[in-house]
Structures are given as structure tokens and as C-alpha cells.
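K.L.:
Input file: entry.tsv. Contents: TSV, C-alpha atoms and all ligand atoms.
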```tsv
chain	number	residue	atom	x	y	z
A	25	MET	CA	-8.01	16.87	9.74
A	26	ILE	CA	-10.02	13.74	8.95
A	27	GLN	CA	-11.28	13.46	5.37
A	28	GLU	CA	-14.59	12.00	4.19
A	29	VAL	CA	-12.70	9.45	2.17
A	30	ASP	CA	-9.48	7.54	2.79
A	31	PHE	CA	-8.11	5.72	-0.25
A	32	HIS	CA	-5.20	3.89	1.41
A	33	SER	CA	-5.12	1.58	4.44
A	34	HIS	CA	-3.70	-1.74	5.64
A	35	THR	CA	-4.71	-4.58	7.98
A	36	VAL	CA	-3.14	-7.73	9.41
A	37	HIS	CA	-3.70	-9.29	5.99
A	38	SER	CA	-0.51	-7.45	5.00
A	39	ASP	CA	1.54	-5.24	7.30
A	40	GLY	CA	-1.07	-3.40	9.35
A	41	THR	CA	-1.92	-4.29	12.93
A	42	LEU	CA	-5.73	-4.04	12.95
A	43	THR	CA	-8.09	-6.71	11.65
A	44	PRO	CA	-10.44	-5.67	8.84
A	45	VAL	CA	-13.30	-5.44	11.36
A	46	GLU	CA	-11.27	-3.25	13.72
A	47	LEU	CA	-10.17	-1.02	10.84
A	48	VAL	CA	-13.70	-0.49	9.54
A	49	GLU	CA	-15.05	0.15	13.05
A	50	LEU	CA	-12.34	2.78	13.53
A	51	ALA	CA	-13.33	4.38	10.21
A	52	GLY	CA	-16.95	4.45	11.40
A	53	LYS	CA	-15.97	6.13	14.66
A	54	ARG	CA	-13.99	8.76	12.75
A	55	GLY	CA	-16.96	9.56	10.51
A	56	ILE	CA	-15.21	8.36	7.36
A	57	LYS	CA	-17.81	7.75	4.63
A	58	ALA	CA	-15.76	5.64	2.24
A	59	LEU	CA	-12.60	3.68	2.97
A	60	ALA	CA	-10.41	1.72	0.58
A	61	LEU	CA	-8.67	-1.29	2.07
A	62	THR	CA	-5.42	-1.60	0.09
A	63	ASP	CA	-3.37	-4.42	1.57
A	64	HIS	CA	-0.06	-5.21	-0.16
A	65	ASP	CA	-0.43	-7.78	-2.95
A	66	THR	CA	-3.51	-9.44	-1.44
A	67	THR	CA	-7.29	-9.08	-1.38
A	68	SER	CA	-7.81	-11.61	1.41
A	69	GLY	CA	-9.13	-9.04	3.90
A	70	LEU	CA	-11.76	-7.52	1.63
A	71	GLU	CA	-14.74	-9.82	2.27
A	72	GLU	CA	-14.53	-9.34	6.03
A	73	ALA	CA	-14.10	-5.58	5.59
A	74	ILE	CA	-17.03	-5.24	3.20
A	75	LYS	CA	-19.34	-7.06	5.63
A	76	ALA	CA	-18.16	-4.91	8.53
A	77	GLY	CA	-18.69	-1.83	6.37
A	78	GLN	CA	-22.31	-2.76	5.75
A	79	ARG	CA	-22.80	-3.24	9.47
A	80	VAL	CA	-21.28	0.08	10.59
A	81	GLY	CA	-22.25	2.21	7.59
A	82	VAL	CA	-18.86	2.73	5.99
A	83	GLU	CA	-18.61	2.21	2.23
A	84	LEU	CA	-15.74	-0.19	1.74
A	85	ILE	CA	-13.94	0.30	-1.57
A	86	PRO	CA	-12.29	-2.97	-2.61
A	87	GLY	CA	-8.63	-2.16	-3.11
A	88	ILE	CA	-5.09	-3.46	-3.34
A	89	GLU	CA	-1.53	-2.07	-3.39
A	90	ILE	CA	0.86	-3.76	-5.80
A	91	SER	CA	4.64	-3.29	-5.54
A	92	VAL	CA	6.11	-2.93	-9.03
A	93	VAL	CA	9.61	-2.74	-10.49
A	94	TYR	CA	11.10	0.73	-10.32
A	95	ASP	CA	14.81	1.04	-9.79
A	96	PRO	CA	15.35	4.67	-8.84
A	97	GLY	CA	12.99	4.30	-5.86
A	98	THR	CA	9.81	2.56	-4.73
A	99	MET	CA	6.71	2.34	-6.89
A	100	HIS	CA	3.37	1.11	-5.57
A	101	ILE	CA	0.24	0.95	-7.72
A	102	LEU	CA	-3.11	1.12	-5.93
A	103	GLY	CA	-6.17	-0.55	-7.43
A	104	TYR	CA	-9.80	0.36	-6.67
A	105	PHE	CA	-13.15	-1.20	-7.47
A	106	MET	CA	-11.69	-4.25	-9.16
A	107	ASP	CA	-13.61	-7.52	-9.04
A	108	HIS	CA	-11.44	-9.22	-6.45
A	109	HIS	CA	-12.99	-12.58	-7.32
A	110	SER	CA	-11.52	-12.41	-10.82
A	111	PRO	CA	-9.64	-15.73	-11.35
A	112	LYS	CA	-7.05	-14.01	-13.51
A	113	LEU	CA	-6.30	-11.41	-10.84
A	114	GLN	CA	-6.11	-14.08	-8.14
A	115	GLU	CA	-3.76	-16.15	-10.24
A	116	SER	CA	-1.37	-13.21	-10.68
A	117	LEU	CA	-1.54	-12.50	-6.95
A	118	ARG	CA	-0.74	-16.12	-6.14
A	119	GLY	CA	2.46	-15.77	-8.19
A	120	ILE	CA	3.45	-12.74	-6.13
A	121	GLN	CA	2.62	-14.57	-2.86
A	122	GLN	CA	4.77	-17.50	-3.96
A	123	ASP	CA	7.74	-15.17	-4.42
A	124	ARG	CA	7.23	-13.83	-0.92
A	125	GLU	CA	7.16	-17.32	0.47
A	126	ASN	CA	10.42	-18.08	-1.31
A	127	ARG	CA	11.99	-14.95	0.10
A	128	ASN	CA	11.17	-15.45	3.78
A	129	PRO	CA	13.53	-18.41	4.45
A	130	GLN	CA	16.30	-16.47	2.68
A	131	ILE	CA	15.87	-13.56	5.09
A	132	ILE	CA	15.99	-16.02	8.02
A	133	LYS	CA	19.18	-17.56	6.63
A	134	LYS	CA	20.88	-14.17	6.36
A	135	LEU	CA	19.79	-13.16	9.86
A	136	ASN	CA	21.12	-16.45	11.23
A	137	GLU	CA	24.43	-15.83	9.46
A	138	PHE	CA	24.62	-12.53	11.34
A	139	GLY	CA	24.13	-14.32	14.64
A	140	VAL	CA	20.46	-13.40	14.97
A	141	LYS	CA	18.72	-16.53	16.13
A	142	ILE	CA	15.14	-16.37	14.97
A	143	THR	CA	13.09	-18.96	13.10
A	144	LEU	CA	10.56	-18.72	10.31
A	145	ASP	CA	7.94	-20.21	12.65
A	146	GLU	CA	8.35	-17.31	15.05
A	147	VAL	CA	7.87	-14.84	12.21
A	148	ILE	CA	4.83	-16.66	10.84
A	149	ARG	CA	3.29	-16.69	14.31
A	150	GLU	CA	3.93	-12.94	14.56
A	151	SER	CA	2.09	-12.32	11.26
A	152	GLY	CA	-1.15	-13.64	12.72
A	153	ARG	CA	-2.91	-14.75	9.62
A	154	GLY	CA	-1.93	-12.52	6.75
A	155	GLN	CA	1.04	-12.68	4.46
A	156	VAL	CA	4.47	-12.58	6.01
A	157	GLY	CA	6.51	-9.44	5.39
A	158	ARG	CA	9.50	-7.62	6.75
A	159	PRO	CA	7.48	-5.82	9.45
A	160	HIS	CA	6.84	-9.22	11.06
A	161	PHE	CA	10.57	-9.97	11.04
A	162	ALA	CA	11.08	-6.55	12.61
A	163	ARG	CA	8.60	-7.24	15.41
A	164	VAL	CA	10.28	-10.54	16.28
A	165	LEU	CA	13.69	-8.81	16.35
A	166	VAL	CA	12.27	-6.26	18.81
A	167	LYS	CA	10.59	-8.92	20.97
A	168	LYS	CA	13.77	-10.97	21.17
A	169	LYS	CA	15.73	-7.80	22.03
A	170	TYR	CA	18.09	-7.95	19.06
A	171	VAL	CA	17.12	-4.33	18.44
A	172	LYS	CA	15.55	-1.58	20.55
A	173	ASN	CA	12.71	-0.78	18.19
A	174	PHE	CA	11.04	-1.33	14.84
A	175	ASP	CA	13.06	1.37	13.05
A	176	GLU	CA	16.34	-0.06	14.27
A	177	ALA	CA	15.29	-3.49	12.97
A	178	PHE	CA	14.97	-2.02	9.49
A	179	ARG	CA	18.06	0.16	9.76
A	180	LYS	CA	20.33	-2.57	11.07
A	181	TYR	CA	18.98	-5.60	9.22
A	182	LEU	CA	15.98	-5.39	6.93
A	183	SER	CA	16.02	-2.30	4.73
A	184	LYS	CA	17.50	-2.15	1.24
A	185	GLY	CA	21.28	-2.19	1.60
A	186	ALA	CA	21.21	-3.74	5.10
A	187	PRO	CA	22.72	-7.21	5.66
A	188	ALA	CA	19.51	-9.27	5.80
A	189	TYR	CA	17.78	-7.56	2.87
A	190	VAL	CA	16.47	-9.87	0.20
A	191	ASP	CA	14.71	-8.40	-2.82
A	192	LYS	CA	11.51	-9.92	-4.12
A	193	ARG	CA	10.54	-10.29	-7.75
A	194	ARG	CA	8.08	-7.64	-8.78
A	195	VAL	CA	5.77	-7.22	-11.72
A	196	THR	CA	6.38	-4.33	-14.12
A	197	PRO	CA	4.37	-1.13	-13.68
A	198	ALA	CA	2.46	-1.88	-16.92
A	199	ASP	CA	1.61	-5.40	-15.70
A	200	GLY	CA	0.50	-4.10	-12.30
A	201	ILE	CA	-1.82	-1.61	-13.98
A	202	ARG	CA	-3.08	-4.29	-16.37
A	203	MET	CA	-3.87	-6.70	-13.50
A	204	ILE	CA	-6.11	-4.05	-11.93
A	205	ARG	CA	-7.75	-2.87	-15.15
A	206	GLU	CA	-8.45	-6.34	-16.47
A	207	ALA	CA	-10.35	-6.99	-13.25
A	208	GLY	CA	-12.44	-3.88	-13.96
A	209	GLY	CA	-10.63	-1.56	-11.57
A	210	MET	CA	-8.90	1.81	-11.60
A	211	ALA	CA	-5.13	2.06	-11.10
A	212	VAL	CA	-3.67	4.95	-9.08
A	213	LEU	CA	-0.05	5.82	-8.32
A	214	ALA	CA	0.54	5.57	-4.55
A	215	HIS	CA	2.68	8.13	-2.65
A	216	PRO	CA	4.56	9.52	-5.72
A	217	LYS	CA	7.19	10.96	-3.39
A	218	GLN	CA	8.55	7.45	-2.88
A	219	LEU	CA	9.57	7.29	-6.55
A	220	ARG	CA	12.40	9.55	-5.34
A	221	ALA	CA	12.62	11.22	-8.73
A	222	LYS	CA	15.81	13.28	-9.02
A	223	SER	CA	14.27	15.95	-11.21
A	224	ASP	CA	10.90	17.21	-12.45
A	225	GLU	CA	11.75	15.78	-15.86
A	226	GLU	CA	12.40	12.33	-14.43
A	227	PHE	CA	9.12	12.47	-12.51
A	228	ASP	CA	7.14	13.67	-15.55
A	229	ARG	CA	8.59	10.91	-17.69
A	230	ALA	CA	7.69	8.22	-15.14
A	231	LEU	CA	4.15	9.55	-14.72
A	232	ASP	CA	3.57	9.95	-18.47
A	233	SER	CA	4.64	6.39	-19.03
A	234	LEU	CA	2.24	5.15	-16.34
A	235	VAL	CA	-0.62	7.16	-17.82
A	236	ALA	CA	0.17	5.67	-21.24
A	237	SER	CA	-0.16	2.23	-19.60
A	238	GLY	CA	-3.61	3.12	-18.28
A	239	LEU	CA	-3.01	4.81	-14.91
A	240	GLY	CA	-6.20	6.62	-13.84
A	241	GLY	CA	-5.12	8.64	-10.83
A	242	ILE	CA	-2.40	9.98	-8.54
A	243	GLU	CA	-2.26	10.03	-4.72
A	244	ALA	CA	-1.55	13.69	-4.10
A	245	TYR	CA	-2.45	13.61	-0.40
A	246	SER	CA	-0.57	11.13	1.75
A	247	SER	CA	0.72	11.01	5.29
A	248	CYS	CA	4.21	10.90	3.76
A	249	GLN	CA	3.83	14.01	1.56
A	250	ASN	CA	3.94	17.62	2.75
A	251	GLU	CA	1.83	20.51	1.54
A	252	SER	CA	4.10	21.61	-1.30
A	253	GLU	CA	4.53	18.02	-2.51
A	254	ALA	CA	0.78	17.55	-2.43
A	255	LYS	CA	0.39	20.69	-4.56
A	256	THR	CA	2.92	19.45	-7.10
A	257	TYR	CA	1.28	16.02	-7.44
A	258	LYS	CA	-2.20	17.52	-7.62
A	259	ALA	CA	-1.10	19.78	-10.48
A	260	ALA	CA	0.61	16.83	-12.20
A	261	GLY	CA	-2.65	14.86	-12.03
A	262	GLU	CA	-4.82	17.74	-13.21
A	263	LYS	CA	-2.50	18.39	-16.14
A	264	ARG	CA	-2.98	14.79	-17.30
A	265	LYS	CA	-6.70	14.76	-16.51
A	266	ILE	CA	-6.43	11.82	-14.14
A	267	PHE	CA	-8.05	11.56	-10.70
A	268	VAL	CA	-6.39	13.33	-7.79
A	269	THR	CA	-6.77	11.12	-4.72
A	270	GLY	CA	-5.43	10.79	-1.21
A	271	GLY	CA	-4.93	8.26	1.53
A	272	SER	CA	-3.49	8.07	5.02
A	273	ASP	CA	-1.56	4.81	4.38
A	274	PHE	CA	-2.69	3.74	7.84
A	275	HIS	CA	-0.83	0.68	9.23
A	276	GLY	CA	-2.00	0.74	12.87
A	277	ALA	CA	0.80	0.35	15.41
A	278	ASN	CA	3.34	-0.39	12.67
A	279	LYS	CA	3.23	3.35	11.78
A	280	SER	CA	1.89	4.78	14.97
A	281	ASP	CA	2.23	8.42	13.90
A	282	VAL	CA	-0.26	7.94	11.06
A	283	GLU	CA	-3.94	8.49	11.81
A	284	LEU	CA	-6.71	6.86	9.76
A	285	GLY	CA	-8.35	9.49	7.54
A	286	ASN	CA	-5.61	12.08	8.09
A	287	MET	CA	-3.47	13.04	5.12
A	288	GLY	CA	-2.42	16.51	6.20
A	289	ASN	CA	-4.38	19.63	7.08
A	290	TRP	CA	-4.08	20.92	3.52
A	291	ALA	CA	-5.83	17.87	2.04
A	292	ARG	CA	-9.21	18.38	0.39
A	293	LEU	CA	-10.79	15.10	-0.53
A	294	THR	CA	-14.52	14.47	-0.71
A	295	TYR	CA	-16.92	11.74	-1.68
A	296	ASP	CA	-17.17	13.43	-5.11
A	297	THR	CA	-13.94	11.66	-6.06
A	298	VAL	CA	-15.52	8.27	-5.29
A	299	ARG	CA	-18.56	9.21	-7.33
A	300	GLY	CA	-16.36	10.40	-10.19
A	301	MET	CA	-14.37	7.18	-10.22
A	302	LYS	CA	-17.48	5.01	-10.30
A	303	GLU	CA	-18.88	7.11	-13.13
A	304	TYR	CA	-15.60	6.84	-15.01
A	305	LEU	CA	-15.44	3.06	-14.63
A	306	LYS	CA	-19.02	2.76	-15.84
A	307	THR	CA	-18.88	5.14	-18.79
A	308	GLY	CA	-15.24	5.91	-19.48
A	309	ASN	CA	-15.94	9.60	-18.81
A	310	HIS	CA	-14.75	11.74	-15.97
A	311	GLY	CA	-17.72	12.91	-13.93
A	312	HIS	CA	-16.65	16.55	-14.24
B	401	LIG	P1	7.86	-6.26	2.48
B	401	LIG	O1	6.62	-6.11	1.64
B	401	LIG	O2	7.89	-7.56	3.19
B	401	LIG	O3	9.11	-5.97	1.70
B	401	LIG	O4	7.77	-5.15	3.61
B	401	LIG	C1	7.50	-3.83	3.23
B	401	LIG	C2	6.90	-3.09	4.39
B	401	LIG	O5	7.88	-2.91	5.39
B	401	LIG	C3	6.45	-1.70	4.01
B	401	LIG	O6	5.13	-1.68	3.56
B	401	LIG	C4	6.58	-0.95	5.32
B	401	LIG	O7	5.42	-1.17	6.10
B	401	LIG	C5	7.72	-1.64	6.00
B	401	LIG	N1	8.99	-0.92	5.84
B	401	LIG	C6	9.79	-0.93	4.76
B	401	LIG	N2	10.91	-0.20	4.97
B	401	LIG	C7	10.81	0.28	6.24
B	401	LIG	C8	11.64	1.12	7.07
B	401	LIG	N3	12.83	1.59	6.65
B	401	LIG	N4	11.21	1.40	8.33
B	401	LIG	C9	10.02	0.92	8.77
B	401	LIG	N5	9.20	0.14	8.04
B	401	LIG	C10	9.58	-0.18	6.79
B	402	FE	FE	3.09	-1.23	4.09
B	403	FE	FE	2.94	1.82	-0.31
B	404	ZN	ZN	0.38	1.33	1.69
```
Turn this file's structure into C-alpha cells for me.
P.N.:
Amino acid sequence: MIQEVDFHSHTVHSDGTLTPVELVELAGKRGIKALALTDHDTTSGLEEAIKAGQRVGVELIPGIEISVVYDPGTMHILGYFMDHHSPKLQESLRGIQQDRENRNPQIIKKLNEFGVKITLDEVIRESGRGQVGRPHFARVLVKKKYVKNFDEAFRKYLSKGAPAYVDKRRVTPADGIRMIREAGGMAVLAHPKQLRAKSDEEFDRALDSLVASGLGGIEAYSSCQNESEAKTYKAAGEKRKIFVTGGSDFHGANKSDVELGNMGNWARLTYDTVRGMKEYLKTGNHGH
């Protein structure tokens, strides 16, 4: 089922396969009213997406997805409605980009050590124009027949624990939230399932600490969360009086089973959430 609003999507500016124009046109075709573009650690696709949105009648919510330090699992903080021209925000993002650029040659070096002959140039070419990430390494490995498919590229070489894995420096959760809030935006915890909390207590502690740092919402509906997980995260958000949101986490052909606007048949997400967020950012009050 396609929702009115999709709060989580990617383009070629990070690890998606559609351009911002293609993404927004697809949203228009699907009847999506408001779409957040949330590329990883960059806002470089937003201008193009906003313009396309005006043309096709889709409200483009300026967004971002920041990877933050969280050892037990993966923690991503989504930002919405920030002023993406903020010099302070852009400076922090440049620091993150620099770390990525330092990491890429290290991944190449490890791959070469394992007899995989690919070059950084080939990976950069594969990325088109956005930032270079592991999915681009994966696509080159597939093209050059070192692996059969994308998943095998991660399993054999690129995922955490595999031989060519190189970690990147991340900001702390509190700093990620601060970056978004200082630019006037709202911070939301992406796909809480990926925290891989080992108990309810561990999850509650992590979420409480984020809320204390200024988290404003939780992504209950996601293509990676099932109905019972969605229920749990929705209740966790309601209990803390933060926004309950949802997003498909659409990546185009890099996650071909995920459909833009679809976050499970149990999802119930309407434009009211967008209205509520805007109201909250303006007045500091929840619109309900
Ligand atoms: P990077 O930001 O360069 O570390 O790459 C992270 C991206 O790689 C994620 O956003 C996913 O799109 C993709 N990714 C990470 N782990 C896997 C995996 N095990 N299988 C497929 N894609 C993955
Ligand atoms: Fe991604
Ligand atoms: Fe994510
Ligand atoms: Zn994402």
C-alpha cells in the first residue's frame, strides 16, 4: 500500500540509483503528496529535487540521513525541514565527506590485497556524481565478475567483519541531532530495528537518551520492519510524545524489493504528520 507521505528515500547523490528528478517524478506517478529526500550525509540532491517537486506537484521535504556512532548495531538519524544552506551544517557535512574520501582508497587497498583488481577511478565512475560508498564498490565487483551479485559483494568483501571492510568515523548521536536542530530541523530515529537492541530495556535506554538529546520522532513504519515491530516502535514513540513517522527507505535498483511509498500494508501515515511537524517546528507544540 502506497502512503500519502514517504519520509525516507535516496538518490544517486548517495547510494540510490535514481536521480532526484527521476525520484520525484516517480513519487508524482505514485500519487505521493509529500516526499522527504534523505540521502546519506549529504544535501547535494535537494535543490534539484525541490525544483522537480514544484514542477510535478510533490511537496519535497528537505532531509538527510546521518550515520552516528552506535556500537551494538547501526544508528541512523534522519533530519527534516532543516535549512540545508546553513553554513554550520554544511561545514559538519564536509567533515563527514572528508572521512569518506579517506576511507575509499583504504577499501581499494584491502581489495587489492585479496587479489581483487579494481581501481578507485572505476568506483568513482560507477558512483555517477554523488558521494562514493560501498554500494558503488559492490557494483564494480559485480560488473567485473568477482562476485555473482550485490549481496555476495557485501557478504564476501564489504560488510562489517568481511575482509575489505573499513569503518568510517562517525559523529555521536547527540552531535547528529544537534547538527539537524541547529539548522532548524527535526531529528527522527531511522529504522529502529537496525539498532539491534538485545532487550526492551536496552532499546528503551537508547531511545530515552536520544529523546533527551532532542530527538523529535521515530520511524515506526519502514520497509525493513514488520507489523509487530512497527507496533512496538509506534507505542514507544507515543509513550514519549514524539512524532511517529514512516519511510520506504527507497534506493532504486540497489534495493529492488523496496517500492517508493510502501512501508508495509499495516502502515498508516498521512499528511497530518507533515502538518504536525511544521507546526511543532514553528511553535514548539505538537499539533495534536
Ligand atoms: P557506506 O555508507 O559507504 O558505508 O555504505 C552503506 C550502504 O551500503 C547502506 O546504506 C546500504 O545501502 C549498503 N549496504 C550496507 N550493508 C549492506 C549489505 N549487507 N547488503 C547490501 N547492501 C548493504
Ligand atoms: Fe543506504
Ligand atoms: Fe539508513
Ligand atoms: Zn536510508
K.L.:
Please, what distance in Å, to one decimal, runs between CA of Asn128 in chain A and CA of Lys167 in chain A?
P.N.:
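Distance reported for this atom pair: 18.4 Å.
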K.L.:
Could you list, as a ChimeraX atom specification, all residues that come within 10 Å of ligand FE 402 (chain B)? Count all atoms listed in the file.
P.N.:
/A:33-35,38-40,62-64,89,91,100,157-159,273-275,278-279
K.L.:
For a cut-off of 12 Å around (-9.8, 9.0, 3.1), file coordinates, pick out all residues using only C-alpha atoms and list them as a PyMOL selection string.
P.N.:
chain A and resi 25-33+51-52+54-62+82-85+243-247+269-274+283-288+291-298
K.L.:
Counting only C-alpha atoms, which residues have an atom no more than 8 Å from (-9.8, 3.1, -14.4) in the file's coordinates? Please list them as a list in words.
P.N.:
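Within the cut-off we find Arg205, Gly208, Gly209, Met210, Ala211, Gly238, Leu239, Gly240, Met301, Tyr304, Leu305 and Gly308 of chain A.
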K.L.:
Using all atoms listed in the file, which of A:His37, A:Lys302, A:Lys217, A:Arg179 sits nearest ligand FE 403 (chain B)?
P.N.:
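Under the stated criterion, the closest residue is A:Lys217.
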K.L.:
From the options A:Gly276, A:Asn289, A:Ile148, A:Glu125, which residue's atoms come nearest to ligand ZN 404 (chain B), counting only C-alpha atoms and all ligand atoms?
P.N.:
A:Gly276
K.L.:
Around all the atoms of range 168-173 of chain A listed in the file, with 3 Å of room on each side, what axis-aligned box do you get, giving centre and edge lengths in Å to one decimal, as JSON?
P.N.:
```
{"center_x": 15.4, "center_y": -5.9, "center_z": 20.1, "size_x": 11.4, "size_y": 16.2, "size_z": 9.8}
```
K.L.:
Figure out the distance between atom N5 of ligand LIG 401 (chain B) and CA of Met203 in chain A, please, to one decimal in Å.
P.N.:
26.1 Å
K.L.:
Please measure the separation of CA of Gln218 in chain A and atom FE of ligand FE 403 (chain B), giving the value in Å to one decimal.
P.N.:
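Separation between CA of Gln218 in chain A and atom FE of ligand FE 403 (chain B): 8.4 Å.
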K.L.:
Could you check which of A:Asp281, A:Glu303, A:Glu71, A:Asp123 is closest to Arg193 in chain A, using all atoms listed in the file?
P.N.:
A:Asp123
K.L.:
Can you pull out every residue within 9 Å of Pro129 in chain A, counting all atoms listed in the file, but drop anything in the same chain fewer than 5 positions away, and send it as a ChimeraX atom specification?
P.N.:
/A:134,143-144
K.L.:
From the list A:Ile204, A:Val156, A:Ile74, A:Val45, which residue is nearest Ser110 in chain A when using only C-alpha atoms?
P.N.:
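Result for the nearest residue to Ser110 in chain A: A:Ile204.
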K.L.:
Could you check the closest approach to Ile201 in chain A for each of A:Val171, A:Leu234, A:Ala221, A:Leu117 and tell me which residue wins, using only C-alpha atoms?
P.N.:
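Of all the options, A:Leu234 lies closest to Ile201 in chain A.
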K.L.:
Excluding Ser237 in chain A and residues on its chain fewer than 5 positions from it, collect all residues at most 10 Å away from it, counting all atoms listed in the file, and give them as a ChimeraX atom specification.
P.N.:
/A:197-202,211,231-232
K.L.:
Considering all atoms listed in the file, return as a PyMOL selection string whatever protein or nucleic-acid residues lie within 10 Å of Val140 in chain A, sequence-local ones (same chain, fewer than 3 positions apart) excluded.
P.N.:
chain A and resi 132-137+143+165+168+170+181
K.L.:
Using C-alpha atoms, can you export the residues from the last selection as a compact mmCIF listing (two decimals), in the frame of the given file?
P.N.:
```txt
# COMPACT_ATOMS: atom_id res chain seq x y z
CA ILE A 132 15.99 -16.02 8.02
CA LYS A 133 19.18 -17.56 6.63
CA LYS A 134 20.88 -14.17 6.36
CA LEU A 135 19.79 -13.16 9.86
CA ASN A 136 21.12 -16.45 11.23
CA GLU A 137 24.43 -15.83 9.46
CA THR A 143 13.09 -18.96 13.10
CA LEU A 165 13.69 -8.81 16.35
CA LYS A 168 13.77 -10.97 21.17
CA TYR A 170 18.09 -7.95 19.06
CA TYR A 181 18.98 -5.60 9.22
```
K.L.:
For ligand ZN 404 (chain B), which of A:Met106, A:Ile88, A:Ala186, A:Val212 is the closest residue, counting all atoms listed in the file?
P.N.:
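That would be A:Ile88, the residue with the smallest distance to ligand ZN 404 (chain B).
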K.L.:
What's the 8 Å shell around Pro44 in chain A, counting all atoms listed in the file, without same-chain residues fewer than 6 positions away, as an mmCIF file with C-alpha atoms, in the frame of the given file?
P.N.:
```cif
data_model
loop_
_atom_site.group_PDB
_atom_site.id
_atom_site.type_symbol
_atom_site.label_atom_id
_atom_site.label_comp_id
_atom_site.auth_asym_id
_atom_site.auth_seq_id
_atom_site.Cartn_x
_atom_site.Cartn_y
_atom_site.Cartn_z
ATOM 1 C CA THR A 35 -4.710 -4.580 7.980
ATOM 2 C CA VAL A 36 -3.140 -7.730 9.410
ATOM 3 C CA GLY A 69 -9.130 -9.040 3.900
ATOM 4 C CA LEU A 70 -11.760 -7.520 1.630
ATOM 5 C CA GLU A 72 -14.530 -9.340 6.030
ATOM 6 C CA ALA A 73 -14.100 -5.580 5.590
ATOM 7 C CA ALA A 76 -18.160 -4.910 8.530
#
```
K.L.:
Skip Lys263 in chain A itself and residues of its chain fewer than 2 positions away, then list as a ChimeraX atom specification all residues within 12 Å of it, counting only C-alpha atoms.
P.N.:
/A:228,231-232,235,241-242,256-261,265-268
K.L.:
Quick one: range 269-280 of chain A with N, CA and C atoms, as an mmCIF file, in the coordinates of the input?
P.N.:
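Ended up saving to part01.cif:
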```cif
data_model
loop_
_atom_site.group_PDB
_atom_site.id
_atom_site.type_symbol
_atom_site.label_atom_id
_atom_site.label_comp_id
_atom_site.auth_asym_id
_atom_site.auth_seq_id
_atom_site.Cartn_x
_atom_site.Cartn_y
_atom_site.Cartn_z
ATOM 1 N N THR A 269 -6.236 11.835 -5.875
ATOM 2 C CA THR A 269 -6.770 11.120 -4.720
ATOM 3 C C THR A 269 -5.885 11.350 -3.500
ATOM 4 N N GLY A 270 -6.229 10.680 -2.415
ATOM 5 C CA GLY A 270 -5.430 10.790 -1.210
ATOM 6 C C GLY A 270 -5.713 9.657 -0.251
ATOM 7 N N GLY A 271 -4.738 9.315 0.542
ATOM 8 C CA GLY A 271 -4.930 8.260 1.530
ATOM 9 C C GLY A 271 -3.944 8.400 2.662
ATOM 10 N N SER A 272 -4.354 7.930 3.848
ATOM 11 C CA SER A 272 -3.490 8.070 5.020
ATOM 12 C C SER A 272 -2.337 7.064 4.994
ATOM 13 N N ASP A 273 -2.518 5.931 4.320
ATOM 14 C CA ASP A 273 -1.560 4.810 4.380
ATOM 15 C C ASP A 273 -1.451 4.306 5.823
ATOM 16 N N PHE A 274 -2.600 4.186 6.444
ATOM 17 C CA PHE A 274 -2.690 3.740 7.840
ATOM 18 C C PHE A 274 -2.236 2.280 7.993
ATOM 19 N N HIS A 275 -1.340 2.035 8.952
ATOM 20 C CA HIS A 275 -0.830 0.680 9.230
ATOM 21 C C HIS A 275 -1.047 0.284 10.698
ATOM 22 N N GLY A 276 -1.858 1.030 11.442
ATOM 23 C CA GLY A 276 -2.000 0.740 12.870
ATOM 24 C C GLY A 276 -0.692 1.002 13.603
ATOM 25 N N ALA A 277 -0.365 0.137 14.563
ATOM 26 C CA ALA A 277 0.800 0.350 15.410
ATOM 27 C C ALA A 277 2.124 0.216 14.672
ATOM 28 N N ASN A 278 2.092 -0.305 13.434
ATOM 29 C CA ASN A 278 3.340 -0.390 12.670
ATOM 30 C C ASN A 278 3.787 0.969 12.121
ATOM 31 N N LYS A 279 2.881 1.957 12.152
ATOM 32 C CA LYS A 279 3.230 3.350 11.780
ATOM 33 C C LYS A 279 2.389 4.197 12.694
ATOM 34 N N SER A 280 2.802 4.270 13.953
ATOM 35 C CA SER A 280 1.890 4.780 14.970
ATOM 36 C C SER A 280 1.632 6.278 14.841
#
```
